[in-house]
file coords27.cif (mmCIF, C-alpha atoms)
data_protein
loop_
_atom_site.label_atom_id
_atom_site.label_comp_id
_atom_site.auth_asym_id
_atom_site.auth_seq_id
_atom_site.Cartn_x
_atom_site.Cartn_y
_atom_site.Cartn_z
CA GLY A 1 -0.72 11.21 -11.15
CA ALA A 2 -4.12 10.19 -9.86
CA VAL A 3 -5.22 11.57 -6.50
CA VAL A 4 -7.04 9.70 -3.79
CA SER A 5 -8.27 11.44 -0.67
CA GLN A 6 -9.41 10.10 2.68
CA HIS A 7 -11.50 11.76 5.31
CA PRO A 8 -10.99 12.17 8.15
CA SER A 9 -7.24 11.99 8.48
CA ARG A 10 -7.50 11.37 12.21
CA VAL A 11 -10.39 10.32 14.40
CA ILE A 12 -10.70 9.56 18.08
CA CYS A 13 -13.83 7.86 19.32
CA LYS A 14 -15.19 6.15 22.36
CA SER A 15 -15.48 2.41 22.60
CA GLY A 16 -18.80 1.17 21.28
CA THR A 17 -19.35 3.94 18.76
CA SER A 18 -19.18 3.67 14.97
CA VAL A 19 -16.81 5.55 12.72
CA LYS A 20 -17.09 6.15 9.00
CA ILE A 21 -14.06 6.73 6.80
CA GLU A 22 -14.43 8.05 3.26
CA CYS A 23 -12.17 7.31 0.34
CA ARG A 24 -12.51 9.38 -2.83
CA SER A 25 -10.80 9.25 -6.18
CA LEU A 26 -10.59 12.90 -7.16
CA ASP A 27 -9.64 12.87 -10.80
CA PHE A 28 -10.55 9.45 -12.08
CA GLN A 29 -13.25 6.84 -11.78
CA ALA A 30 -12.24 3.92 -9.62
CA THR A 31 -13.53 0.58 -10.78
CA THR A 32 -12.19 -1.00 -7.63
CA MET A 33 -11.18 0.31 -4.24
CA PHE A 34 -9.21 -1.58 -1.66
CA TRP A 35 -9.11 -1.12 2.10
CA TYR A 36 -5.99 -1.89 4.07
CA ARG A 37 -5.10 -1.88 7.71
CA GLN A 38 -1.64 -1.11 8.98
CA PHE A 39 -0.45 -1.67 12.52
CA PRO A 40 2.53 0.31 13.83
CA LYS A 41 5.81 -0.69 12.25
CA GLN A 42 4.07 -3.32 10.14
CA SER A 43 3.06 -3.85 6.56
CA LEU A 44 -0.32 -3.27 4.97
CA MET A 45 -2.87 -6.02 5.30
CA LEU A 46 -5.66 -6.12 2.77
CA MET A 47 -9.05 -6.11 4.47
CA ALA A 48 -11.45 -6.05 1.55
CA THR A 49 -11.95 -5.32 -2.11
CA SER A 50 -14.78 -3.01 -3.07
CA ASN A 51 -16.31 -2.88 -6.53
CA GLU A 52 -18.77 -0.17 -7.46
CA GLY A 53 -22.34 -1.32 -7.18
CA SER A 54 -21.61 -4.72 -5.71
CA LYS A 55 -20.88 -6.24 -2.34
CA ALA A 56 -17.36 -6.02 -1.02
CA THR A 57 -15.17 -9.09 -0.92
CA TYR A 58 -13.54 -9.55 2.46
CA GLU A 59 -10.24 -11.25 3.16
CA GLN A 60 -10.15 -14.24 5.43
CA GLY A 61 -10.40 -13.28 9.07
CA VAL A 62 -11.98 -9.87 8.47
CA GLU A 63 -15.41 -9.49 10.03
CA LYS A 64 -17.73 -8.10 7.37
CA ASP A 65 -20.36 -7.13 9.94
CA LYS A 66 -17.82 -5.09 11.84
CA PHE A 67 -16.16 -3.42 8.89
CA LEU A 68 -18.96 -2.30 6.61
CA ILE A 69 -17.90 -1.23 3.15
CA ASN A 70 -20.03 0.66 0.67
CA HIS A 71 -18.92 1.59 -2.83
CA ALA A 72 -21.85 3.69 -3.94
CA SER A 73 -20.21 5.43 -6.86
CA LEU A 74 -17.14 5.24 -9.05
CA THR A 75 -15.44 7.90 -6.96
CA LEU A 76 -16.46 7.06 -3.40
CA SER A 77 -16.07 4.13 -1.07
CA THR A 78 -16.73 4.20 2.66
CA LEU A 79 -15.52 2.00 5.49
CA THR A 80 -17.58 2.00 8.67
CA VAL A 81 -16.05 0.49 11.77
CA THR A 82 -19.06 -0.54 13.84
CA SER A 83 -19.03 -0.80 17.62
CA ALA A 84 -15.38 0.12 17.69
CA HIS A 85 -13.09 -1.25 20.38
CA PRO A 86 -9.54 -0.28 21.34
CA GLU A 87 -8.14 -3.19 19.35
CA ASP A 88 -9.60 -1.59 16.21
CA SER A 89 -7.22 1.32 16.66
CA SER A 90 -5.04 1.35 13.59
CA PHE A 91 -4.05 3.19 10.43
CA TYR A 92 -6.57 2.54 7.68
CA ILE A 93 -5.52 3.15 4.10
CA CYS A 94 -7.59 2.93 0.96
CA SER A 95 -6.44 2.59 -2.60
CA ALA A 96 -8.20 2.99 -5.90
CA TRP A 97 -7.73 1.27 -9.21
CA SER A 98 -9.14 2.13 -12.58
CA SER A 99 -9.60 -0.33 -15.40
CA GLY A 100 -8.42 2.37 -17.75
CA GLY A 101 -5.42 3.26 -15.68
CA GLY A 102 -3.19 0.29 -16.16
CA ASP A 103 -1.94 -1.78 -13.28
CA THR A 104 -1.37 0.84 -10.65
CA GLN A 105 -3.25 1.33 -7.43
CA TYR A 106 -3.27 4.86 -6.08
CA PHE A 107 -3.27 5.19 -2.34
CA GLY A 108 -4.99 7.61 -0.05
CA PRO A 109 -3.12 9.38 2.76
CA GLY A 110 -4.61 7.13 5.42
CA THR A 111 -6.84 7.60 8.46
CA ARG A 112 -5.54 7.19 11.98
CA LEU A 113 -8.28 5.70 14.16
CA THR A 114 -7.89 5.74 17.93
CA VAL A 115 -10.56 4.07 20.02
CA LEU A 116 -10.53 5.00 23.69
CA ALA B 1 -0.07 -17.92 -4.05
CA GLN B 2 2.29 -14.99 -4.06
CA SER B 3 4.64 -13.70 -1.46
CA VAL B 4 7.22 -10.99 -1.07
CA THR B 5 10.28 -11.02 1.13
CA GLN B 6 12.15 -7.88 1.99
CA LEU B 7 15.51 -8.66 3.54
CA GLY B 8 16.46 -6.19 6.21
CA SER B 9 13.75 -4.40 8.12
CA HIS B 10 16.16 -1.53 8.73
CA VAL B 11 18.83 -0.18 6.41
CA SER B 12 21.12 2.68 7.27
CA VAL B 13 23.29 4.53 4.76
CA SER B 14 25.33 7.69 4.73
CA GLU B 15 24.17 10.64 2.70
CA GLY B 16 25.62 10.29 -0.79
CA ALA B 17 26.07 6.54 -0.51
CA LEU B 18 24.40 3.86 -2.61
CA VAL B 19 20.98 2.73 -1.50
CA LEU B 20 20.10 -0.94 -2.01
CA LEU B 21 16.83 -2.33 -0.72
CA ARG B 22 16.23 -5.98 -1.40
CA CYS B 23 13.03 -7.62 -2.55
CA ASN B 24 12.47 -11.23 -3.56
CA TYR B 25 9.16 -12.54 -4.72
CA SER B 26 7.44 -15.83 -5.18
CA SER B 27 4.81 -16.19 -7.87
CA SER B 28 3.62 -19.10 -9.99
CA VAL B 29 2.71 -16.75 -12.83
CA PRO B 30 4.50 -13.74 -14.34
CA PRO B 31 4.44 -11.06 -11.68
CA TYR B 32 3.79 -7.38 -11.70
CA LEU B 33 6.12 -5.76 -9.19
CA PHE B 34 5.94 -2.44 -7.41
CA TRP B 35 7.93 -0.33 -4.99
CA TYR B 36 6.09 2.13 -2.79
CA VAL B 37 7.44 4.67 -0.30
CA GLN B 38 5.65 5.73 2.86
CA TYR B 39 6.51 8.76 4.93
CA PRO B 40 5.35 8.91 8.58
CA ASN B 41 1.58 9.03 8.99
CA GLN B 42 1.02 9.16 5.25
CA GLY B 43 -0.26 6.84 2.58
CA LEU B 44 1.86 5.09 -0.01
CA GLN B 45 3.42 6.75 -3.01
CA LEU B 46 4.36 4.73 -6.07
CA LEU B 47 8.09 4.85 -6.80
CA LEU B 48 8.16 2.54 -9.81
CA LYS B 49 6.67 -0.60 -11.26
CA TYR B 50 7.49 -3.48 -13.55
CA THR B 51 4.82 -5.15 -15.63
CA THR B 52 6.31 -6.23 -18.94
CA GLY B 53 9.08 -5.13 -21.26
CA ALA B 54 12.33 -3.59 -20.13
CA THR B 55 13.55 -5.22 -16.95
CA LEU B 56 15.32 -2.12 -15.67
CA VAL B 57 12.73 0.38 -14.62
CA LYS B 58 13.33 3.92 -13.53
CA GLY B 59 11.13 5.69 -11.06
CA ILE B 60 10.79 8.97 -9.29
CA ASN B 61 13.40 10.61 -7.10
CA GLY B 62 16.29 8.86 -8.84
CA PHE B 63 15.28 5.34 -7.84
CA GLU B 64 15.44 2.36 -10.15
CA ALA B 65 14.87 -1.37 -9.89
CA GLU B 66 15.74 -4.35 -12.02
CA PHE B 67 13.51 -7.35 -12.51
CA LYS B 68 15.61 -10.51 -12.50
CA LYS B 69 13.47 -13.52 -13.21
CA SER B 70 16.28 -16.01 -12.66
CA GLU B 71 16.83 -14.63 -9.18
CA THR B 72 13.16 -13.82 -8.50
CA SER B 73 14.31 -10.43 -7.36
CA PHE B 74 13.31 -6.80 -7.78
CA HIS B 75 15.85 -4.86 -5.77
CA LEU B 76 15.53 -1.10 -5.43
CA THR B 77 18.59 1.11 -5.85
CA LYS B 78 19.59 4.73 -5.86
CA PRO B 79 23.16 5.82 -6.58
CA SER B 80 23.32 8.59 -4.01
CA ALA B 81 21.16 8.80 -0.91
CA HIS B 82 19.63 12.04 0.21
CA MET B 83 18.32 12.89 3.64
CA SER B 84 14.83 13.20 2.19
CA ASP B 85 14.94 9.52 1.18
CA ALA B 86 14.52 8.46 4.79
CA ALA B 87 11.20 6.62 4.86
CA GLU B 88 9.59 3.19 4.84
CA TYR B 89 9.78 1.28 1.56
CA PHE B 90 7.44 -1.50 0.55
CA CYS B 91 7.80 -3.99 -2.25
CA ALA B 92 4.57 -5.46 -3.59
CA VAL B 93 3.48 -8.03 -6.15
CA THR B 94 0.38 -8.82 -8.14
CA TYR B 95 -0.29 -10.54 -11.43
CA THR B 96 -2.61 -10.49 -14.42
CA GLY B 97 -5.93 -11.93 -13.42
CA GLY B 98 -5.17 -11.43 -9.75
CA GLY B 99 -7.90 -8.88 -9.33
CA ASN B 100 -5.19 -6.29 -8.81
CA LYS B 101 -4.76 -7.46 -5.24
CA LEU B 102 -1.37 -6.45 -3.99
CA THR B 103 0.68 -8.58 -1.66
CA PHE B 104 3.11 -6.45 0.32
CA GLY B 105 6.44 -7.21 1.86
CA THR B 106 7.04 -6.34 5.47
CA GLY B 107 8.79 -3.11 4.60
CA THR B 108 12.28 -1.69 5.00
CA GLN B 109 12.93 1.42 7.05
CA LEU B 110 15.66 3.46 5.38
CA LYS B 111 17.70 5.76 7.56
CA VAL B 112 20.05 8.29 5.99
CA GLU B 113 22.84 9.65 8.15
CA LEU B 114 25.06 12.66 7.67
#
call {"tool": "encode", "arguments": {"input": "coords27.cif", "output": "structure tokens"}}
result
Amino acid sequence: GAVVSQHPSRVICKSGTSVKIECRSLDFQATTMFWYRQFPKQSLMLMATSNEGSKATYEQGVEKDKFLINHASLTLSTLTVTSAHPEDSSFYICSAWSSGGGDTQYFGPGTRLTVL
Amino acid sequence: AQSVTQLGSHVSVSEGALVLLRCNYSSSVPPYLFWYVQYPNQGLQLLLKYTTGATLVKGINGFEAEFKKSETSFHLTKPSAHMSDAAEYFCAVTYTGGGNKLTFGTGTQLKVEL
């Protein structure tokens, strides 16, 4: 199956700093990438939808100025958490979808962000 | 609007016993339904999906699910549980024209005991 990678897998940062998370589709071109947030013992909540070459579409309640998304190519999307605070600590998961790949989203392994 | 309900946040079975994880959906249009599995500190792995056609779908690791429109259900089953099946399971729904946005259920933690 299709492979999606995320980097880094874990990151610890100080409050007030920015953190960038990369999501890559390794063996296919992703028309769309999705970013999710998952709190402990909870389900995935969609944060935003990212289409290559266009602005991301954010879900209601997600601050677009805080969670900057860039989808510069068909294989790479980045999520930057700006001025991170402890409440931003979470598990961030991306997924990728290809228009030629049917209806399936392929998920990355996730990034554990801890803000001190 | 779509929604997914997973009954039972925790399910415990004995090794070798039947696994049944329940999922009910709500959708005003024909749904596409998915089951994903998540191991600790990992992303989601697709177990199986239903889009159109045969309502009984078989997935990886011996899992299968049946789409029942009349019951708006898509329950996940496996005849014989294995210790390695212990994980979190998520049911999700989307639909044609939905921009491929998935709506997830709250998840079911499966525990397999000796």
call {"tool": "resolve_selection", "arguments": {"input": "coords27.cif", "expression": "the PyMOL selection byres ((chain A) within 6 of (chain B))", "output": "number ranges by chain"}}
result
A: 43, 107-110
call {"tool": "write_last_selection", "arguments": {"input": "coords27.cif", "atoms": "C-alpha atoms", "output": "PDB file, in the coordinates of the input"}}
result
ATOM      1  CA  SER A  43       3.060  -3.850   6.560  1.00  0.00           C
ATOM      2  CA  PHE A 107      -3.270   5.190  -2.340  1.00  0.00           C
ATOM      3  CA  GLY A 108      -4.990   7.610  -0.050  1.00  0.00           C
ATOM      4  CA  PRO A 109      -3.120   9.380   2.760  1.00  0.00           C
ATOM      5  CA  GLY A 110      -4.610   7.130   5.420  1.00  0.00           C
TER       6      GLY A 110
END
call {"tool": "closest_residue", "arguments": {"input": "coords27.cif", "among": "B:Leu110, B:Leu76, B:Ile60, B:Met83", "to": "Glu15 in chain B", "atoms": "all atoms listed in the file"}}
result
B:Met83
call {"tool": "residues_near_point", "arguments": {"input": "coords27.cif", "point": "(-19.8, 5.2, -4.6)", "cutoff": "12 Å", "atoms": "all atoms listed in the file", "output": "VMD selection string"}}
result
chain A and resid 22 to 25 29 to 33 50 to 55 69 to 79 96
call {"tool": "resolve_selection", "arguments": {"input": "coords27.cif", "expression": "the PyMOL selection byres ((chain A and resi 116) around 6)", "output": "VMD selection string"}}
result
chain A and resid 14 to 15 86 115
call {"tool": "write_last_selection", "arguments": {"input": "coords27.cif", "atoms": "C-alpha atoms", "output": "compact mmCIF listing (two decimals), in the frame of the given file"}}
result
# COMPACT_ATOMS: atom_id res chain seq x y z
CA LYS A 14 -15.19 6.15 22.36
CA SER A 15 -15.48 2.41 22.60
CA PRO A 86 -9.54 -0.28 21.34
CA VAL A 115 -10.56 4.07 20.02
call {"tool": "resolve_selection", "arguments": {"input": "coords27.cif", "expression": "the PyMOL selection byres ((chain B and resi 73) around 10)", "output": "PyMOL selection string"}}
result
chain B and resi 4-6+22-26+33+65-72+74-76
call {"tool": "axis_aligned_box", "arguments": {"input": "coords27.cif", "around": "range 88-103 of chain B", "padding_each_side": "5 Å", "output": "AutoDock Vina command-line options"}}
result
--center_x 0.9 --center_y -4.4 --center_z -4.8 --size_x 27.7 --size_y 25.1 --size_z 29.3
call {"tool": "closest_residue", "arguments": {"input": "coords27.cif", "among": "B:Gly97, B:Pro30, B:Leu21, B:Leu7", "to": "Gly53 in chain B", "atoms": "all atoms listed in the file"}}
result
B:Pro30
call {"tool": "closest_residue", "arguments": {"input": "coords27.cif", "among": "B:Leu47, B:Val13, B:Thr55, B:Gly8", "to": "Gln105 in chain A", "atoms": "all atoms listed in the file"}}
result
B:Leu47
call {"tool": "atom_distance", "arguments": {"input": "coords27.cif", "atom1": "CA of Ala54 in chain B", "atom2": "CA of Ser98 in chain A"}}
result
23.5 Å
call {"tool": "atom_distance", "arguments": {"input": "coords27.cif", "atom1": "CA of Ala92 in chain B", "atom2": "CA of Gln42 in chain A"}}
result
13.9 Å
call {"tool": "atom_distance", "arguments": {"input": "coords27.cif", "atom1": "CA of Thr114 in chain A", "atom2": "CA of Pro40 in chain B"}}
result
16.5 Å
